[in-house]
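Chemist: Here's a structure for you.
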2 protein chains.
Amino acid sequence: MATIKDIAKAAGVSVTTVSRALNGYDDVNEKTRNRIKSIADELKYSPNAVARSLVMSKTKTIGLLVSELNRSGAKDMFTFEVMCGINDSSSDEGYDLILFSTNSVKQQSKSYSQLCRERQVEGVIMQGVKTDDPYLEEVIESNIPCVLIDVELEGDNVGYVTTDNVFGAQMAIKHLINLGHKHIAMINGHDQALVSQRRLSGYLKELDEASIPFREEYVLNGEFLEPKAETVAYEFLQKNPEVTAIFCASDLMALGAMRAAQRLGKRIPNDLSIVGFDDITLAQYANPQLTTIAQDKYQMGYEAARLLTAMLHKKTLQRKMILDNQLIVRGSTTAPRN
Amino acid sequence: MATIKDIAKAAGVSVTTVSRALNGYDDVNEKTRNRIKSIADELKYSPNAVARSLVMSKTKTIGLLVSELNRSGAKDMFTFEVMCGINDSSSDEGYDLILFSTNSVKQQSKSYSQLCRERQVEGVIMQGVKTDDPYLEEVIESNIPCVLIDVELEGDNVGYVTTDNVFGAQMAIKHLINLGHKHIAMINGHDQALVSQRRLSGYLKELDEASIPFREEYVLNGEFLEPKAETVAYEFLQKNPEVTAIFCASDLMALGAMRAAQRLGKRIPNDLSIVGFDDITLAQYANPQLTTIAQDKYQMGYEAARLLTAMLHKKTLQRKMILDNQLIVRGSTTAPRN
DNA sequence: TTGTAAGCGTTATCAA
DNA sequence: TTGATAACGCTTACAA
């Protein structure tokens, strides 16, 4: 592990000169610079980022905080794809990523700002946090720049990236209405996700525009879980045979609803149309293939890291970014049988 | 950002005492310790890991090097699930994870040991590297402790975690033979993966034990890609109608093979049995559901990080870990029609 | 039980 | 164009 000291000694110059030579300052003789560089190569020198961070108080590191990063996230590749985007863009910007894995147990022992300050990250990207997560308050209080995924929180140092969930839901419902559906239910995610609220309001808005009366019992809570969605859909469909279409706030729940329908002997899409949300990989492999609202997860991550680094460099006053979604019509929707 | 200096001043003691008090040394008066602790709390002190790393030359950080971490890995959640395991176990052991994202472009500018030394990681876990990856040589040369996933390389500071791929393949073939199949093809992955070689040898071994003659043209290269597998399977099945079963070295390729069969009007499993490898999420959603050899990806990651931390603490002489696989029989295999 | 001082590998200020 | 020297925040002999 050669240091600049070693190089300085070998080159017969001071550490200052070595530092400047290696960092491309122009107040150093080209001849000495070359000598120093070749010695550095010989000694297989690489700068110690830890030491540099200490003196510059810049770590060139972004903290990635994913709540409950675990296997259950494996089915919808949401988390993973967002991470890929974050990874690509932060490495484009010259930042490394440090993974903060937290679960509710660990959260009790270490506060958000402790976590960040310890590792001296310059900024944070948070993913998968619920609206009632205690860390969220700390994000505002602390002045560490932070970009949230799918949590609409704004502040001097806080921004977010999300997609247009209201309009996404509207597209889904409009699609069903255009097909001729009148009795459209919704399986929503849990209330601790902002996207649930947004998608619900899109549902309401679009029903309203079509002058279809809203029926409270048509909105179910599937908790974003496939089996839970299956359970509630199963009960619901038995009680409400007039319903010909269900809009689900996630593809995973849509898969659960499909299974419920099949258990009840309903054929999809002939007896029941289903629209999902996310466009996860599985959507294409379901039988029939799932009509859904596609979110560009990779881009969400990519933009999140871009937004954060721009904030770090004070290059932007922008604090939020809302991406468009897209309706993808596949085999799980059709006109209702009359 | 309070430092121990601030605390020292506020408490009227030296920084040494503060350091020792906070780190739980027993040569400090309990009264002063308590005073110091409460002041630290007041000042919302958290230790600066960067400074600590510098002086202790220990960063408590593991580098995670995933080759080509990108969306294409999103379909088989392999990478992601392994990562979850690594994440859980390393955080259990008190290590943080730093993500080295590299692609072949970036590799040219920065060598493996440069990458590691810069960030002063204590050890590295590598995933997704091909056997001809230039970084692999460096792993051996450098003396940074490293654990590889699915690359069987051993050395003083190098270990690996993999599954019993030979036996896994044997289970697959035995299953097909037991069903009565005689003409069994294999779609293998590319040669730059060790697992391809292992799975092939399992295939050969099991054929041999059943005295089924090996036919070279029965082994195809699907490059681990779904569309590629579909292409080669499509051509192959046309030319070789006697084949009643295909063993694929990955589930993704098995999905491709299924599609090829369906395009040729072959029914699965009645006209053609297919066995995959991995047990990715999609395997259960395919139609019919895919019979496969399941690998515990999460555990692979978990054990990799455990092995690495054990190596770091010199607590083990063990350098490798081979996990068992499991045959999961689903709907894509049955007895051949005679 | 506590304090002084050196040092980890850098960068930055100032003077030469 | 170069070099002394201080500083970043912490740990750790060694001394008191």
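Chain labels follow the order of the structure tokens: the first chain is A, the next B, and so on; residue numbering restarts at 1 in every chain, and ligands are counted from 1 in their shown order.
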Would you kindly report the residues of chain A within 8 Å of chain D, using only C-alpha atoms (C1' of nucleotides), as a list in words?
Modeler: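 Every residue meeting the condition is included here: Ser14, Thr16, Thr17, Asp27, Val28, Asn29, Leu54, Val55, Met56 and Ser57 of chain A.
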Chemist: Once you count only C-alpha atoms (C1' of nucleotides), what closest atom pair and distance in Å to one decimal does each residue of chain C within 12 Å of chain A have, with rows by chain and rising residue number, as a tab-separated table?
Modeler:
residue	atom	partner	partner_atom	distance
C:DC8	C1'	A:Ala51	CA	7.9
C:DG9	C1'	A:Ala51	CA	4.9
C:DT10	C1'	A:Arg52	CA	4.7
C:DT11	C1'	A:Val55	CA	6.3
C:DA12	C1'	A:Thr16	CA	9.3
C:DT13	C1'	A:Thr16	CA	11.4
Chemist: Specify as a PyMOL selection string all residues of chain B found within 7 Å of chain A, counting only C-alpha atoms.
Modeler: chain B and resi 46-51+54+69-71+74-75+77+80-81+84+87+96-99+101+114+117-119+281-282+285-286
Chemist: Please provide the set of residues having any atom within 9 Å of Asp271 in chain A, restricted to only C-alpha atoms (C1' of nucleotides), with same-chain residues fewer than 5 positions apart removed, written as a PyMOL selection string.
Modeler: chain A and resi 244-245+261+266+336-337
Chemist: Restricting the output to C-alpha atoms, write the selected residues as a PDB file, in the first residue's frame.
Modeler:
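Final file, out-v4.pdb:
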ATOM      1  CA  THR A 244     -67.155  -6.911 -14.584  1.00  0.00           C
ATOM      2  CA  ALA A 245     -63.816  -5.255 -14.045  1.00  0.00           C
ATOM      3  CA  ALA A 261     -61.551 -15.208 -10.334  1.00  0.00           C
ATOM      4  CA  LYS A 266     -64.831 -16.802 -13.932  1.00  0.00           C
ATOM      5  CA  PRO A 336     -68.071  -6.976 -20.806  1.00  0.00           C
ATOM      6  CA  ARG A 337     -70.586  -9.553 -21.859  1.00  0.00           C
TER       7      ARG A 337
END
Chemist: Pull the strand (DSSP E or B) assignments for range 114-321 of chain A out of DSSP run on the backbone, and list those residues as an NGL selection string.
Modeler: :A and (123-127 or 146-149 or 158-163 or 184-188 or 219-221 or 245-248 or 273-278 or 291-294 or 320-321)
Chemist: For the selection you just gave me, I'd like the residues written to a file as a PDB file, in the first residue's frame, keeping C-alpha atoms.
Modeler:
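Ended up saving to selection20.pdb:
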ATOM      1  CA  GLY A 123     -26.745  12.477   0.219  1.00  0.00           C
ATOM      2  CA  VAL A 124     -29.331   9.751   0.504  1.00  0.00           C
ATOM      3  CA  ILE A 125     -31.824   8.019  -1.712  1.00  0.00           C
ATOM      4  CA  MET A 126     -34.684   6.323   0.094  1.00  0.00           C
ATOM      5  CA  GLN A 127     -36.821   3.628  -1.345  1.00  0.00           C
ATOM      6  CA  CYS A 146     -32.258  13.328   0.247  1.00  0.00           C
ATOM      7  CA  VAL A 147     -34.309  12.115  -2.672  1.00  0.00           C
ATOM      8  CA  LEU A 148     -37.295   9.912  -1.998  1.00  0.00           C
ATOM      9  CA  ILE A 149     -38.831   7.391  -4.322  1.00  0.00           C
ATOM     10  CA  VAL A 158     -35.461  17.027   0.153  1.00  0.00           C
ATOM     11  CA  GLY A 159     -36.898  16.071  -3.182  1.00  0.00           C
ATOM     12  CA  TYR A 160     -38.609  13.115  -4.734  1.00  0.00           C
ATOM     13  CA  VAL A 161     -39.169  11.126  -7.856  1.00  0.00           C
ATOM     14  CA  THR A 162     -42.451   9.492  -8.607  1.00  0.00           C
ATOM     15  CA  THR A 163     -44.728   8.776 -11.517  1.00  0.00           C
ATOM     16  CA  ILE A 184     -65.512  -1.307 -11.815  1.00  0.00           C
ATOM     17  CA  ALA A 185     -63.964  -2.256  -8.499  1.00  0.00           C
ATOM     18  CA  MET A 186     -60.528  -1.380  -7.220  1.00  0.00           C
ATOM     19  CA  ILE A 187     -58.093  -3.339  -5.107  1.00  0.00           C
ATOM     20  CA  ASN A 188     -55.829  -0.777  -3.537  1.00  0.00           C
ATOM     21  CA  VAL A 219     -62.751  -0.331  -3.029  1.00  0.00           C
ATOM     22  CA  LEU A 220     -60.845  -3.123  -1.311  1.00  0.00           C
ATOM     23  CA  ASN A 221     -57.563  -3.210   0.535  1.00  0.00           C
ATOM     24  CA  ALA A 245     -63.816  -5.255 -14.045  1.00  0.00           C
ATOM     25  CA  ILE A 246     -61.207  -4.754 -11.349  1.00  0.00           C
ATOM     26  CA  PHE A 247     -58.414  -2.228 -11.286  1.00  0.00           C
ATOM     27  CA  CYS A 248     -55.544  -3.261  -9.040  1.00  0.00           C
ATOM     28  CA  SER A 273     -61.438  -7.741 -16.905  1.00  0.00           C
ATOM     29  CA  ILE A 274     -58.398  -6.956 -14.793  1.00  0.00           C
ATOM     30  CA  VAL A 275     -55.928  -4.090 -15.007  1.00  0.00           C
ATOM     31  CA  GLY A 276     -52.757  -3.970 -12.943  1.00  0.00           C
ATOM     32  CA  PHE A 277     -50.160  -1.346 -12.176  1.00  0.00           C
ATOM     33  CA  ASP A 278     -46.346  -1.450 -12.508  1.00  0.00           C
ATOM     34  CA  THR A 291     -53.138  -5.309 -19.067  1.00  0.00           C
ATOM     35  CA  THR A 292     -51.366  -2.792 -16.896  1.00  0.00           C
ATOM     36  CA  ILE A 293     -50.031   0.704 -16.310  1.00  0.00           C
ATOM     37  CA  ALA A 294     -46.300   0.588 -16.918  1.00  0.00           C
ATOM     38  CA  LYS A 320     -39.188  16.897  -7.764  1.00  0.00           C
ATOM     39  CA  MET A 321     -39.622  14.845 -10.861  1.00  0.00           C
TER      40      MET A 321
END
Chemist: Give the helix (DSSP H, G or I) residues of range 166-264 of chain B, as assigned by DSSP on the backbone, as a PyMOL selection string.
Modeler: chain B and resi 166-179+194-209+216-218+226-239+251-263
Chemist: Take CA of Thr131 in chain A and CA of Ala2 in chain B and report the distance between them in Å, one decimal.
Modeler: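 It comes out at 29.8 Å.
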Chemist: Find the distance between C1' of DG3 in chain C and CA of Thr32 in chain B and write it in Å to one decimal.
Modeler: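 Computing it gives 14.2 Å between the two atoms.
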